[in-house]
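What follows is the content of my_file.csv, which has CSV, C-alpha atoms:
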```csv
chain,number,residue,atom,x,y,z
L,184,MET,CA,21.5,5.8,-2.8
L,185,SER,CA,19.8,5.0,0.4
L,186,THR,CA,16.8,2.7,0.7
L,187,ALA,CA,14.0,2.6,3.2
L,188,PRO,CA,14.8,1.4,6.7
L,189,ASP,CA,14.8,-2.2,7.9
L,190,PRO,CA,11.6,-2.3,10.0
L,191,ALA,CA,13.3,-4.4,12.7
L,192,THR,CA,16.0,-1.7,13.2
L,193,ALA,CA,14.5,1.6,12.1
L,194,PRO,CA,13.8,4.1,14.9
L,195,ALA,CA,10.4,5.5,15.4
L,196,PRO,CA,9.7,8.6,13.3
L,197,ALA,CA,11.5,11.7,14.6
L,198,PRO,CA,9.2,14.2,16.4
L,199,ALA,CA,8.3,17.1,14.2
L,200,GLY,CA,10.6,19.4,16.1
L,201,ASP,CA,13.5,17.1,15.7
L,202,LEU,CA,12.9,16.6,12.0
L,203,ALA,CA,12.7,20.4,11.5
L,204,ALA,CA,16.0,20.8,13.4
L,205,ARG,CA,17.7,18.2,11.3
L,206,PHE,CA,16.4,19.9,8.2
L,207,THR,CA,17.8,23.3,9.3
L,208,GLN,CA,21.1,21.6,10.1
L,209,GLU,CA,21.4,19.9,6.7
L,210,PHE,CA,20.0,22.7,4.4
L,211,GLY,CA,20.8,25.9,6.3
L,212,SER,CA,17.3,27.2,6.5
L,213,ASP,CA,14.0,26.3,8.3
L,214,PRO,CA,11.5,24.1,6.5
L,215,ALA,CA,8.2,25.6,5.4
L,216,GLY,CA,6.4,22.8,7.1
L,217,ILE,CA,6.3,19.1,7.9
L,218,TRP,CA,3.7,16.7,6.4
L,219,GLN,CA,3.1,13.0,7.0
L,220,ALA,CA,1.2,10.2,5.2
L,221,PRO,CA,0.6,6.7,6.5
L,222,GLY,CA,1.3,3.3,5.0
L,223,ARG,CA,-1.6,1.0,4.7
L,224,VAL,CA,-2.8,-2.5,5.3
L,225,ASN,CA,-5.3,-3.9,2.8
L,226,LEU,CA,-7.8,-5.7,4.9
L,227,ILE,CA,-9.2,-7.5,1.8
L,228,GLY,CA,-9.5,-6.9,-1.9
L,229,GLU,CA,-6.2,-7.7,-3.6
L,230,HIS,CA,-5.5,-7.0,-7.3
L,231,THR,CA,-9.1,-5.8,-7.7
L,232,ASP,CA,-8.2,-2.1,-7.9
L,233,TYR,CA,-6.8,-2.0,-11.5
L,234,ASN,CA,-9.8,-4.1,-12.5
L,235,GLU,CA,-12.1,-1.3,-11.5
L,236,GLY,CA,-13.3,-3.3,-8.5
L,237,PHE,CA,-13.7,-2.9,-4.8
L,238,VAL,CA,-11.0,-2.7,-2.1
L,239,LEU,CA,-11.0,-2.3,1.7
L,240,PRO,CA,-7.7,-0.9,3.0
L,241,PHE,CA,-7.0,1.2,6.0
L,242,ALA,CA,-4.3,3.7,6.9
L,243,ILE,CA,-1.9,2.5,9.6
L,244,ASP,CA,-0.1,4.1,12.4
L,245,ARG,CA,3.3,4.0,10.6
L,246,THR,CA,4.1,7.0,8.5
L,247,ALA,CA,6.4,8.7,6.1
L,248,ARG,CA,7.2,12.3,7.1
L,249,VAL,CA,8.7,15.0,4.9
L,250,ALA,CA,10.1,18.4,6.0
L,251,VAL,CA,10.0,20.6,2.9
L,252,GLY,CA,11.5,24.0,2.1
L,253,VAL,CA,10.7,26.1,-1.0
L,254,ARG,CA,13.7,27.4,-3.0
L,255,THR,CA,13.9,30.4,-5.2
L,256,ASP,CA,15.6,28.4,-8.0
L,257,SER,CA,14.9,25.1,-9.8
L,258,THR,CA,17.3,23.0,-7.7
L,259,VAL,CA,15.9,20.0,-5.9
L,260,ARG,CA,17.8,18.6,-2.9
L,261,LEU,CA,16.7,15.4,-1.3
L,262,LEU,CA,17.9,13.6,1.8
L,263,SER,CA,16.7,10.8,4.0
L,264,THR,CA,17.3,10.3,7.7
L,265,TYR,CA,18.7,6.8,7.1
L,266,GLY,CA,21.6,5.7,4.9
L,267,ASP,CA,24.8,7.5,4.4
L,268,GLN,CA,24.7,8.6,0.8
L,269,GLY,CA,24.1,12.3,1.5
L,270,VAL,CA,22.1,14.8,-0.4
L,271,VAL,CA,20.8,13.9,-3.9
L,272,THR,CA,20.6,17.0,-6.1
L,273,THR,CA,18.7,17.5,-9.4
L,274,THR,CA,16.6,20.2,-11.0
L,275,THR,CA,12.9,20.5,-11.8
L,276,GLY,CA,13.7,20.8,-15.5
L,277,SER,CA,15.5,17.5,-15.6
L,278,LEU,CA,12.7,15.4,-14.2
L,279,GLU,CA,11.9,12.6,-16.7
L,280,PRO,CA,10.9,9.0,-16.4
L,281,GLY,CA,14.0,6.9,-15.8
L,282,SER,CA,16.0,9.8,-14.4
L,283,ALA,CA,15.8,8.8,-10.8
L,284,LYS,CA,16.8,5.8,-8.7
L,285,GLY,CA,16.1,4.4,-5.2
L,286,TRP,CA,13.7,6.2,-2.9
L,287,THR,CA,14.1,9.5,-4.7
L,288,LYS,CA,11.9,8.2,-7.6
L,289,TYR,CA,8.9,8.7,-5.4
L,290,PRO,CA,9.1,12.4,-4.5
L,291,LEU,CA,10.6,13.3,-7.9
L,292,GLY,CA,7.8,11.3,-9.6
L,293,VAL,CA,5.2,13.3,-7.7
L,294,MET,CA,6.9,16.6,-8.8
L,295,TRP,CA,7.0,15.4,-12.4
L,296,ALA,CA,3.3,14.4,-12.3
L,297,LEU,CA,2.2,17.8,-10.9
L,298,ARG,CA,4.2,19.5,-13.6
L,299,GLN,CA,2.5,17.4,-16.2
L,300,ARG,CA,-0.7,18.9,-14.9
L,301,GLY,CA,0.5,22.4,-15.5
L,302,ILE,CA,1.2,23.1,-11.8
L,303,ASP,CA,4.3,25.3,-11.3
L,304,VAL,CA,6.4,23.2,-8.9
L,305,PRO,CA,9.3,25.1,-7.6
L,306,GLY,CA,12.7,23.8,-6.5
L,307,ILE,CA,12.6,22.3,-3.0
L,308,ASP,CA,14.7,21.0,-0.2
L,309,LEU,CA,13.2,17.8,1.3
L,310,LEU,CA,14.1,15.6,4.2
L,311,LEU,CA,12.4,12.2,4.5
L,312,ASP,CA,11.9,10.2,7.6
L,313,SER,CA,9.8,7.0,7.6
L,314,ASP,CA,9.0,3.9,9.7
L,315,VAL,CA,6.8,2.2,7.1
L,316,PRO,CA,8.7,-1.1,6.4
L,317,LEU,CA,10.1,-1.4,2.9
L,318,GLY,CA,8.9,-4.2,0.6
L,319,ALA,CA,6.4,-5.6,3.2
L,320,GLY,CA,3.3,-4.9,1.2
L,321,LEU,CA,2.4,-1.9,3.5
L,322,SER,CA,2.9,0.7,0.8
L,323,SER,CA,6.0,2.4,1.9
L,324,SER,CA,6.5,4.1,-1.5
L,325,HIS,CA,3.0,5.5,-1.6
L,326,ALA,CA,3.3,6.8,1.9
L,327,ILE,CA,6.3,8.9,0.6
L,328,GLU,CA,4.4,10.0,-2.5
L,329,CYS,CA,1.3,11.0,-0.5
L,330,ALA,CA,3.3,13.0,2.1
L,331,VAL,CA,5.1,14.8,-0.8
L,332,ILE,CA,1.9,15.6,-2.8
L,333,THR,CA,0.2,16.8,0.3
L,334,ALA,CA,3.1,19.1,1.0
L,335,LEU,CA,3.3,20.4,-2.6
L,336,ASN,CA,-0.4,20.9,-2.8
L,337,ASP,CA,-0.2,23.2,0.2
L,338,LEU,CA,3.0,24.9,-0.8
L,339,THR,CA,1.9,25.7,-4.4
L,340,GLY,CA,-1.7,26.5,-3.6
L,341,ALA,CA,-2.8,24.0,-6.3
L,342,GLY,CA,-6.0,23.3,-4.5
L,343,LEU,CA,-6.1,19.6,-5.5
L,344,GLU,CA,-8.8,17.5,-3.9
L,345,ALA,CA,-8.0,14.0,-2.6
L,346,GLN,CA,-9.3,12.4,-5.8
L,347,ASP,CA,-7.0,14.6,-7.9
L,348,MET,CA,-4.0,13.7,-5.7
L,349,VAL,CA,-4.8,10.0,-6.0
L,350,LEU,CA,-4.6,10.2,-9.8
L,351,ALA,CA,-1.5,12.3,-9.8
L,352,THR,CA,0.4,9.9,-7.5
L,353,GLN,CA,-0.9,7.0,-9.7
L,354,GLN,CA,0.6,8.7,-12.7
L,355,ALA,CA,3.9,9.2,-10.9
L,356,GLU,CA,3.9,5.5,-10.0
L,357,ASN,CA,2.8,4.2,-13.4
L,358,ASP,CA,4.7,6.5,-15.7
L,359,PHE,CA,7.7,7.8,-13.7
L,360,VAL,CA,8.5,4.9,-11.4
L,361,GLY,CA,7.3,2.3,-13.9
L,362,ALA,CA,5.0,0.3,-11.6
L,363,PRO,CA,1.6,-0.6,-13.1
L,364,THR,CA,-0.3,-0.1,-9.8
L,365,GLY,CA,-3.9,1.0,-9.2
L,366,ILE,CA,-5.3,3.6,-6.9
L,367,MET,CA,-5.9,1.7,-3.7
L,368,ASP,CA,-2.7,2.6,-1.8
L,369,GLN,CA,-2.9,6.3,-2.4
L,370,SER,CA,-6.6,6.4,-1.6
L,371,ALA,CA,-6.0,4.7,1.8
L,372,SER,CA,-3.1,7.0,2.6
L,373,LEU,CA,-4.9,10.2,1.6
L,374,ARG,CA,-8.5,9.4,2.6
L,375,GLY,CA,-8.0,7.2,5.7
L,376,ALA,CA,-9.6,8.0,9.1
L,377,ARG,CA,-8.8,6.7,12.6
L,378,GLY,CA,-10.9,3.6,13.5
L,379,HIS,CA,-12.1,3.1,10.0
L,380,ALA,CA,-11.3,1.2,6.8
L,381,VAL,CA,-11.8,2.8,3.4
L,382,PHE,CA,-14.4,1.0,1.2
L,383,LEU,CA,-13.3,2.2,-2.2
L,384,ASP,CA,-15.0,1.7,-5.6
L,385,CYS,CA,-12.0,1.9,-7.9
L,386,ARG,CA,-14.3,2.6,-10.9
L,387,ASP,CA,-15.4,6.0,-9.7
L,388,GLN,CA,-13.3,6.7,-6.6
L,389,ASN,CA,-16.3,6.7,-4.4
L,390,ALA,CA,-15.1,6.1,-0.9
L,391,THR,CA,-17.0,5.2,2.2
L,392,LEU,CA,-15.6,4.9,5.7
L,393,VAL,CA,-16.4,1.6,7.3
L,394,PRO,CA,-15.9,1.2,11.1
L,395,PHE,CA,-13.1,-1.2,11.8
L,396,GLU,CA,-12.0,-1.3,15.4
L,397,THR,CA,-10.4,-4.4,16.8
L,398,GLU,CA,-9.9,-3.5,20.4
L,399,PRO,CA,-13.7,-3.3,21.4
L,400,ALA,CA,-14.1,-6.8,19.8
L,401,GLY,CA,-11.2,-8.2,21.9
L,402,LEU,CA,-9.1,-8.6,18.8
L,403,VAL,CA,-5.7,-7.4,17.4
L,404,LEU,CA,-4.6,-7.3,13.8
L,405,LEU,CA,-1.1,-8.6,13.6
L,406,VAL,CA,1.2,-7.8,10.6
L,407,ILE,CA,3.8,-10.5,9.9
L,408,ASP,CA,6.5,-9.0,7.7
L,409,THR,CA,8.2,-12.1,6.1
L,410,LYS,CA,11.2,-10.0,5.1
L,411,VAL,CA,10.8,-11.3,1.6
L,412,SER,CA,11.1,-8.1,-0.2
L,413,HIS,CA,8.8,-7.5,-3.2
L,414,SER,CA,8.6,-4.8,-5.9
L,415,HIS,CA,5.7,-3.8,-8.1
L,416,ALA,CA,8.0,-2.7,-10.9
L,417,ASP,CA,8.6,-6.3,-12.0
L,418,GLY,CA,7.2,-8.9,-14.4
L,419,GLY,CA,5.1,-10.8,-11.9
L,420,TYR,CA,2.7,-7.9,-11.2
L,421,ALA,CA,2.6,-6.8,-14.8
L,422,SER,CA,1.8,-10.3,-16.0
L,423,ARG,CA,-1.1,-10.7,-13.6
L,424,ARG,CA,-2.5,-7.4,-14.8
L,425,ALA,CA,-2.1,-8.4,-18.4
L,426,ALA,CA,-4.0,-11.6,-17.8
L,427,CYS,CA,-6.8,-9.7,-16.2
L,428,GLU,CA,-7.0,-7.3,-19.2
L,429,LEU,CA,-7.0,-10.3,-21.6
L,430,GLY,CA,-9.8,-11.9,-19.6
L,431,ALA,CA,-11.9,-8.8,-19.8
L,432,GLU,CA,-11.3,-8.5,-23.5
L,433,VAL,CA,-12.3,-12.1,-24.2
L,434,LEU,CA,-15.4,-11.8,-22.0
L,435,GLY,CA,-16.4,-8.6,-23.7
L,436,VAL,CA,-16.5,-6.4,-20.6
L,437,LYS,CA,-14.9,-3.1,-19.8
L,438,ALA,CA,-13.2,-4.5,-16.8
L,439,LEU,CA,-13.4,-7.6,-14.6
L,440,ARG,CA,-15.5,-5.6,-12.2
L,441,ASP,CA,-18.4,-6.3,-14.6
L,442,VAL,CA,-18.1,-10.1,-14.2
L,443,GLN,CA,-20.2,-11.7,-11.5
L,444,VAL,CA,-19.6,-14.9,-9.6
L,445,GLY,CA,-22.5,-16.5,-11.5
L,446,ASP,CA,-20.7,-15.8,-14.8
L,447,LEU,CA,-17.7,-17.9,-14.0
L,448,ALA,CA,-19.1,-21.1,-15.3
L,449,GLU,CA,-19.5,-19.6,-18.7
L,450,ALA,CA,-16.1,-17.9,-18.5
L,451,SER,CA,-14.4,-21.2,-17.8
L,452,GLY,CA,-15.3,-22.4,-21.3
L,453,LEU,CA,-14.0,-19.2,-23.0
L,454,LEU,CA,-10.7,-18.7,-21.3
L,455,ASP,CA,-7.5,-20.7,-21.1
L,456,GLU,CA,-6.9,-22.4,-17.7
L,457,VAL,CA,-4.4,-19.9,-16.4
L,458,THR,CA,-6.3,-16.8,-17.5
L,459,PHE,CA,-9.5,-18.3,-16.0
L,460,ARG,CA,-7.9,-18.7,-12.6
L,461,ARG,CA,-6.7,-15.2,-12.7
L,462,VAL,CA,-10.2,-14.0,-13.5
L,463,ARG,CA,-11.8,-16.2,-10.9
L,464,HIS,CA,-9.6,-14.7,-8.2
L,465,VAL,CA,-10.6,-11.1,-9.1
L,466,VAL,CA,-14.3,-11.9,-9.4
L,467,THR,CA,-14.5,-13.8,-6.1
L,468,GLU,CA,-12.3,-11.3,-4.4
L,469,ASN,CA,-14.7,-8.5,-5.3
L,470,ASP,CA,-17.5,-10.5,-3.8
L,471,ARG,CA,-15.5,-11.1,-0.6
L,472,VAL,CA,-14.9,-7.3,-0.2
L,473,LEU,CA,-18.7,-6.7,-0.5
L,474,GLN,CA,-19.4,-9.5,2.1
L,475,THR,CA,-16.7,-8.1,4.4
L,476,VAL,CA,-18.2,-4.6,4.3
L,477,GLU,CA,-21.7,-6.0,5.1
L,478,LEU,CA,-20.4,-8.1,8.0
L,479,LEU,CA,-18.4,-5.3,9.5
L,480,GLY,CA,-21.5,-3.2,9.6
L,481,ASP,CA,-23.8,-5.9,10.9
L,482,ARG,CA,-21.6,-8.0,13.2
L,483,GLY,CA,-18.2,-6.4,13.5
L,484,PRO,CA,-14.7,-7.7,12.8
L,485,ALA,CA,-15.1,-11.0,14.6
L,486,ALA,CA,-17.3,-12.2,11.8
L,487,ILE,CA,-14.9,-11.8,8.9
L,488,GLY,CA,-12.2,-14.4,9.6
L,489,HIS,CA,-13.5,-16.9,7.0
L,490,LEU,CA,-13.3,-14.3,4.3
L,491,LEU,CA,-9.7,-13.5,5.1
L,492,ASP,CA,-8.9,-17.2,4.8
L,493,ALA,CA,-10.7,-17.6,1.5
L,494,SER,CA,-8.9,-14.6,0.1
L,495,HIS,CA,-5.5,-16.0,0.9
L,496,ALA,CA,-6.4,-19.4,-0.7
L,497,SER,CA,-7.5,-17.6,-3.8
L,498,MET,CA,-4.3,-15.5,-4.0
L,499,ARG,CA,-2.2,-18.7,-3.4
L,500,ASP,CA,-4.0,-21.0,-5.8
L,501,ASP,CA,-5.7,-18.9,-8.5
L,502,PHE,CA,-3.6,-15.7,-8.7
L,503,GLU,CA,-0.4,-17.5,-7.6
L,504,ILE,CA,1.2,-14.5,-5.8
L,505,SER,CA,2.0,-16.0,-2.5
L,506,CYS,CA,5.3,-17.6,-1.4
L,507,PRO,CA,6.3,-20.3,1.1
L,508,GLU,CA,7.0,-17.7,3.8
L,509,LEU,CA,3.6,-16.1,3.4
L,510,ASP,CA,1.8,-19.5,3.4
L,511,LEU,CA,3.7,-20.5,6.5
L,512,ALA,CA,2.8,-17.3,8.3
L,513,VAL,CA,-0.9,-17.7,7.4
L,514,ASP,CA,-1.2,-21.4,8.2
L,515,THR,CA,0.7,-21.1,11.5
L,516,SER,CA,-1.3,-18.1,12.7
L,517,ARG,CA,-4.6,-19.9,12.1
L,518,ALA,CA,-3.3,-23.1,13.8
L,519,ALA,CA,-2.2,-21.0,16.8
L,520,GLY,CA,-5.6,-19.2,17.3
L,521,ALA,CA,-6.0,-16.5,14.7
L,522,ILE,CA,-9.6,-16.3,13.5
L,523,GLY,CA,-8.5,-15.4,10.0
L,524,ALA,CA,-5.3,-14.6,8.1
L,525,ARG,CA,-4.2,-13.7,4.6
L,526,MET,CA,-1.3,-12.2,2.7
L,527,THR,CA,-1.7,-8.5,2.1
L,528,GLY,CA,-0.3,-6.3,-0.6
L,529,GLY,CA,0.8,-7.1,-4.2
L,530,GLY,CA,2.3,-10.4,-3.4
L,531,PHE,CA,5.5,-12.2,-4.2
L,532,GLY,CA,6.7,-11.5,-0.7
L,533,GLY,CA,5.8,-8.9,1.8
L,534,ALA,CA,3.5,-9.3,4.8
L,535,ALA,CA,0.6,-11.4,6.0
L,536,ILE,CA,-2.1,-10.2,8.4
L,537,ALA,CA,-3.7,-12.3,11.2
L,538,LEU,CA,-6.9,-11.2,12.9
L,539,THR,CA,-6.3,-12.6,16.4
L,540,PRO,CA,-8.0,-12.7,19.8
L,541,ALA,CA,-6.0,-10.4,22.0
L,542,ALA,CA,-5.6,-13.2,24.5
L,543,SER,CA,-3.9,-15.3,21.8
L,544,GLU,CA,-1.6,-12.6,20.5
L,545,HIS,CA,1.6,-13.9,22.1
L,546,LYS,CA,0.8,-17.5,21.3
L,547,VAL,CA,0.4,-16.6,17.6
L,548,ARG,CA,3.6,-14.5,17.6
L,549,ASP,CA,5.7,-17.2,19.3
L,550,ALA,CA,4.3,-19.9,17.0
L,551,VAL,CA,5.1,-18.0,13.8
L,552,VAL,CA,8.6,-17.1,15.0
L,553,ARG,CA,9.2,-20.8,15.9
L,554,ALA,CA,7.8,-22.0,12.6
L,555,PHE,CA,10.0,-19.7,10.6
L,556,SER,CA,13.1,-20.8,12.5
L,557,GLU,CA,12.3,-24.4,12.0
L,558,ALA,CA,11.9,-23.8,8.2
L,559,GLY,CA,15.2,-22.0,8.0
L,560,PHE,CA,13.5,-18.7,7.1
L,561,THR,CA,14.6,-15.2,8.2
L,562,GLU,CA,13.0,-14.3,11.5
L,563,PRO,CA,9.8,-12.2,10.7
L,564,ASP,CA,9.0,-8.8,12.1
L,565,ILE,CA,5.6,-9.0,13.8
L,566,PHE,CA,3.7,-6.0,15.1
L,567,THR,CA,0.1,-4.8,15.5
L,568,VAL,CA,-1.5,-2.0,13.5
L,569,SER,CA,-4.6,0.1,14.0
L,570,PRO,CA,-6.6,2.2,11.5
L,571,ALA,CA,-5.1,5.7,11.6
L,572,ALA,CA,-5.7,9.1,10.1
L,573,GLY,CA,-4.8,9.9,6.5
L,574,ALA,CA,-2.2,12.4,5.2
L,575,MET,CA,-1.9,15.8,6.9
L,576,ARG,CA,0.3,18.7,7.8
L,577,ILE,CA,1.7,18.2,11.3
L,578,ALA,CA,3.9,21.3,11.7
```
Please re-express this file's structure in C-alpha cells.
Amino acid sequence: MSTAPDPATAPAPAPAGDLAARFTQEFGSDPAGIWQAPGRVNLIGEHTDYNEGFVLPFAIDRTARVAVGVRTDSTVRLLSTYGDQGVVTTTTGSLEPGSAKGWTKYPLGVMWALRQRGIDVPGIDLLLDSDVPLGAGLSSSHAIECAVITALNDLTGAGLEAQDMVLATQQAENDFVGAPTGIMDQSASLRGARGHAVFLDCRDQNATLVPFETEPAGLVLLVIDTKVSHSHADGGYASRRAACELGAEVLGVKALRDVQVGDLAEASGLLDEVTFRRVRHVVTENDRVLQTVELLGDRGPAAIGHLLDASHASMRDDFEISCPELDLAVDTSRAAGAIGARMTGGGFGGAAIALTPAASEHKVRDAVVRAFSEAGFTEPDIFTVSPAAGAMRIA
C-alpha cells in the first residue's frame, strides 16, 4: 500500500483540473468536486493540547487534495497519485478499527467516525494528492483527514461546523487509526487563515486568529525536515500522555491546564522525578504560548525567538522527545543567525523550525546541511512556510 511522498522528490500538488482528469481516467466518471486541507506548523505549544491547554499552530501552504465522487452502492475505492499499488477497495459496512492500513486509514477513519455519528456516508471513489511531507511533524495525516471530512460534509449535507469536524477527525485518529492525539492539528487545518496563527484553547475549542506575518518583519520561517520519520501511533507518545494524566491525578486537577508555573515547587514534592519533568514541560509550555500570543500582538514575530528556544530546551530535557538530528538542526540554526528555533510536532523525529532574518536564510540553510553531512546524518529537506488558508473546496 502506498505511503505519502518523500518531500524531497514529491511533485507539487496537481492543479485541480489535472486531478479531476486523473480521477476520470482512473474511475470512469467525473468527480463531484475537489477539496483541499493544509498541513500545519505548530509555532509553539507542544503536547499541551491533550492536557486541555493552549497551542499556537498555523496552516501552511502545503496541502492534501482529494477528488471525490459519490457512488450509488456501498463500495469505497481509494487511490493516491503516488506509489504503484493501485486502487484499494472496501465497503462502508466493513469499516472497523484495525481494518485499514497505510494512508487509507485516514480517509476510511473519517468515514467510520461520521457513521458513528449517525451520518449516512455513501460509497465513494477518492483520489488523493499531497505535498505535505510524511513523518515530518507537519501533520500530513490530519491534512488528509481534514480534506476528506470537508468533502464528505459537503457531499452528505451533514452541516457540521468546524468544531464538530475537529472532534470527528480526532475520533478517527484516536479510535480508528489508534493514535492518542489531541485536537490541535485538525483545528489548524480546518480553522486556519492566511497570515495568521490559530490561538486555540483546547479545553473549550475557542479559537482566536493571531497575526503572524514574517515577511513584513524581514523574517522567514524555515522548516528543517530531518528525515527522521515519526509516528504518533507508538509507545513514546502514549507514554508521555500517560505521564501527564498521572501528574494531573496526583495533583488533584482535571488536567495539567489547571496547574500554574507557581505551583511547580509544590508539585516537585508530590511527583516522582520523571513525572515531574513531564508536568513541568506542559505547565511552562502553556505559559510560553500565552507569552508568545501577547508578544505577537504587541511587538510582532521578531520578539518571540527566546520563547522558541526555551520551548525546545523543555522538550529536549523535560519531555525528552527530541533526537540528535533535531537538536543539531536547532543548535546550528541559532549559531548561523536564526533568532529562535525549536522542534515542532509530536517529537521523536520530524522537523524543526527556525525563525530567521531573511538576509541570513541561505547562511542558515547551508550551515544546517553542512552540519548534517559532517555528523553523517541524512541530508535534511529545508523549505520556508507561510500561514495559509484552512480547508476548503477548490473545484
So that I can see what lies close to Phe237 (chain L), please list as a list of chain:residue names the residues with an atom at most 10 Å from it, counting only C-alpha atoms and leaving out residues fewer than 2 positions away in the same chain. L:Ile227, L:Gly228, L:Glu229, L:His230, L:Thr231, L:Asp232, L:Tyr233, L:Asn234, L:Glu235, L:Leu239, L:Met367, L:Phe382, L:Leu383, L:Asp384, L:Cys385, L:Arg386, L:Gln388, L:Asn389, L:Ala390, L:Arg440, L:Val465, L:Glu468, L:Asn469, L:Asp470, L:Arg471, L:Val472, L:Leu473
Using only C-alpha atoms, which protein or nucleic acid residues come within 9 Å of Ala550 (chain L)? Drop anything in the same chain fewer than 2 positions from it, and give the result as number ranges by chain. L: 515-516, 518-519, 545-548, 552-555
May I have the residues within 7 Å of Arg254 (chain L) as a list in words, using only C-alpha atoms and disregarding those fewer than 2 positions away in the same chain?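 Once the nearby chain positions are removed, what remains is Gly252, Asp256, Pro305, Gly306 and Ile307 of chain L.
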Please report as a tab-separated table every residue of region 438-526 of chain L lying within 12 Å of region 393-414 of chain L, along with the nearest atom pair and their distance in Å (one decimal), using all atoms listed in the file.
```
residue	atom	partner	partner_atom	distance
L:Val472	CA	L:Val393	CA	11.7
L:Leu473	CA	L:Val393	CA	11.6
L:Thr475	CA	L:Val393	CA	10.1
L:Val476	CA	L:Val393	CA	7.1
L:Glu477	CA	L:Val393	CA	9.5
L:Leu478	CA	L:Val393	CA	10.5
L:Leu479	CA	L:Phe395	CA	7.1
L:Gly480	CA	L:Pro394	CA	7.3
L:Asp481	CA	L:Pro394	CA	10.6
L:Arg482	CA	L:Ala400	CA	10.1
L:Gly483	CA	L:Phe395	CA	7.5
L:Pro484	CA	L:Thr397	CA	6.7
L:Ala485	CA	L:Ala400	CA	6.8
L:Ala486	CA	L:Ala400	CA	10.2
L:Ile487	CA	L:Phe395	CA	11.1
L:Gly488	CA	L:Leu404	CA	11.2
L:Leu491	CA	L:Leu404	CA	11.8
L:Ile504	CA	L:His413	CA	10.7
L:Ser505	CA	L:Val411	CA	10.8
L:Cys506	CA	L:Val411	CA	8.9
L:Pro507	CA	L:Thr409	CA	9.8
L:Glu508	CA	L:Thr409	CA	6.2
L:Leu509	CA	L:Thr409	CA	6.7
L:Asp510	CA	L:Thr409	CA	10.1
L:Leu511	CA	L:Thr409	CA	9.5
L:Ala512	CA	L:Ile407	CA	7.1
L:Val513	CA	L:Ile407	CA	9.0
L:Thr515	CA	L:Ile407	CA	11.2
L:Ser516	CA	L:Leu405	CA	9.5
L:Arg517	CA	L:Leu405	CA	11.9
L:Gly520	CA	L:Leu402	CA	11.3
L:Ala521	CA	L:Leu404	CA	9.3
L:Ile522	CA	L:Leu402	CA	9.4
L:Gly523	CA	L:Leu404	CA	9.8
L:Ala524	CA	L:Leu405	CA	9.2
L:Arg525	CA	L:Val406	CA	10.0
L:Met526	CA	L:Ile407	CA	9.0
```
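Using only C-alpha atoms, the shortest contact distance between Ala380 (chain L) and any of L:Leu297, L:Val253, L:Ala542, L:Ala572 is found at L:Ala572.
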What separation in Å, quoted to one decimal, exists between CA of Val259 (chain L) and CA of Gln208 (chain L)? 16.9 Å
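Between CA of Thr352 (chain L) and CA of Val224 (chain L) the separation is 18.1 Å.
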With only C-alpha atoms as the basis for distance, which of L:Gly452, L:Pro280, L:Gly529, L:Pro198 is at the shortest distance from Val433 (chain L)?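 For Val433 (chain L), the nearest of the candidates is L:Gly452.
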Would you list the residues near (-2.8, 17.5, 0.7) (no more than 12 Å away, in the coordinates of the file, using all atoms listed in the file) as a PyMOL selection string? chain L and resi 217-220+328-349+351-352+369-370+372-374+573-577
Within 12 Å of (-10.1, -20.1, -13.5), in the coordinates the file gives, what residues turn up when you count only C-alpha atoms, written out as an MDAnalysis selection string? chainID L and resid 426:427 430 444 446:467 497 500:503
Atom pair CA of Trp295 (chain L) / CA of Gly281 (chain L): separation (Å): 11.5 Å
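Residue nearest Lys284 (chain L), chosen from L:Leu202, L:Leu439, L:Val360, L:Ile302 and counting all atoms listed in the file: L:Val360.
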Give me the residues near Glu356 (chain L) as a PyMOL selection string, where near means some atom within 10 Å (using all atoms listed in the file) and where sequence neighbours in that chain fewer than 3 positions away do not count. chain L and resi 288-289+292-293+296+324-325+328+350-353+359-366+415-416
Which one of L:Arg298, L:Trp286, L:Leu309, L:Gln443 sits closest to Gln354 (chain L) if you count only C-alpha atoms? L:Arg298
With only C-alpha atoms as the atoms that count, which of L:Gln299, L:Gln474, L:Ser322, L:Thr391 lies nearest to Asp358 (chain L)? L:Gln299
Is there a way to complete region 517-526 of chain L with N, CA and C atoms and then write that out as a PDB file, keeping the file's coordinate frame?
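This is the output file result.pdb:
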```pdb
ATOM      1  N   ARG L 517      -3.242 -19.321  11.902  1.00  0.00           N
ATOM      2  CA  ARG L 517      -4.600 -19.900  12.100  1.00  0.00           C
ATOM      3  C   ARG L 517      -4.482 -21.098  13.060  1.00  0.00           C
ATOM      4  N   ALA L 518      -3.443 -21.908  12.944  1.00  0.00           N
ATOM      5  CA  ALA L 518      -3.300 -23.100  13.800  1.00  0.00           C
ATOM      6  C   ALA L 518      -3.107 -22.621  15.294  1.00  0.00           C
ATOM      7  N   ALA L 519      -2.518 -21.444  15.486  1.00  0.00           N
ATOM      8  CA  ALA L 519      -2.200 -21.000  16.800  1.00  0.00           C
ATOM      9  C   ALA L 519      -3.342 -20.139  17.442  1.00  0.00           C
ATOM     10  N   GLY L 520      -4.420 -19.907  16.689  1.00  0.00           N
ATOM     11  CA  GLY L 520      -5.600 -19.200  17.300  1.00  0.00           C
ATOM     12  C   GLY L 520      -6.107 -18.036  16.566  1.00  0.00           C
ATOM     13  N   ALA L 521      -5.460 -17.579  15.493  1.00  0.00           N
ATOM     14  CA  ALA L 521      -6.000 -16.500  14.700  1.00  0.00           C
ATOM     15  C   ALA L 521      -7.353 -16.884  14.118  1.00  0.00           C
ATOM     16  N   ILE L 522      -8.294 -15.948  14.039  1.00  0.00           N
ATOM     17  CA  ILE L 522      -9.600 -16.300  13.500  1.00  0.00           C
ATOM     18  C   ILE L 522      -9.651 -16.139  11.973  1.00  0.00           C
ATOM     19  N   GLY L 523      -8.615 -15.533  11.404  1.00  0.00           N
ATOM     20  CA  GLY L 523      -8.500 -15.400  10.000  1.00  0.00           C
ATOM     21  C   GLY L 523      -7.173 -14.795   9.621  1.00  0.00           C
ATOM     22  N   ALA L 524      -6.624 -15.174   8.473  1.00  0.00           N
ATOM     23  CA  ALA L 524      -5.300 -14.600   8.100  1.00  0.00           C
ATOM     24  C   ALA L 524      -5.194 -14.685   6.567  1.00  0.00           C
ATOM     25  N   ARG L 525      -4.398 -13.750   6.052  1.00  0.00           N
ATOM     26  CA  ARG L 525      -4.200 -13.700   4.600  1.00  0.00           C
ATOM     27  C   ARG L 525      -2.907 -12.886   4.331  1.00  0.00           C
ATOM     28  N   MET L 526      -2.314 -13.130   3.165  1.00  0.00           N
ATOM     29  CA  MET L 526      -1.300 -12.200   2.700  1.00  0.00           C
ATOM     30  C   MET L 526      -1.930 -10.895   2.367  1.00  0.00           C
TER      31      MET L 526
END
```
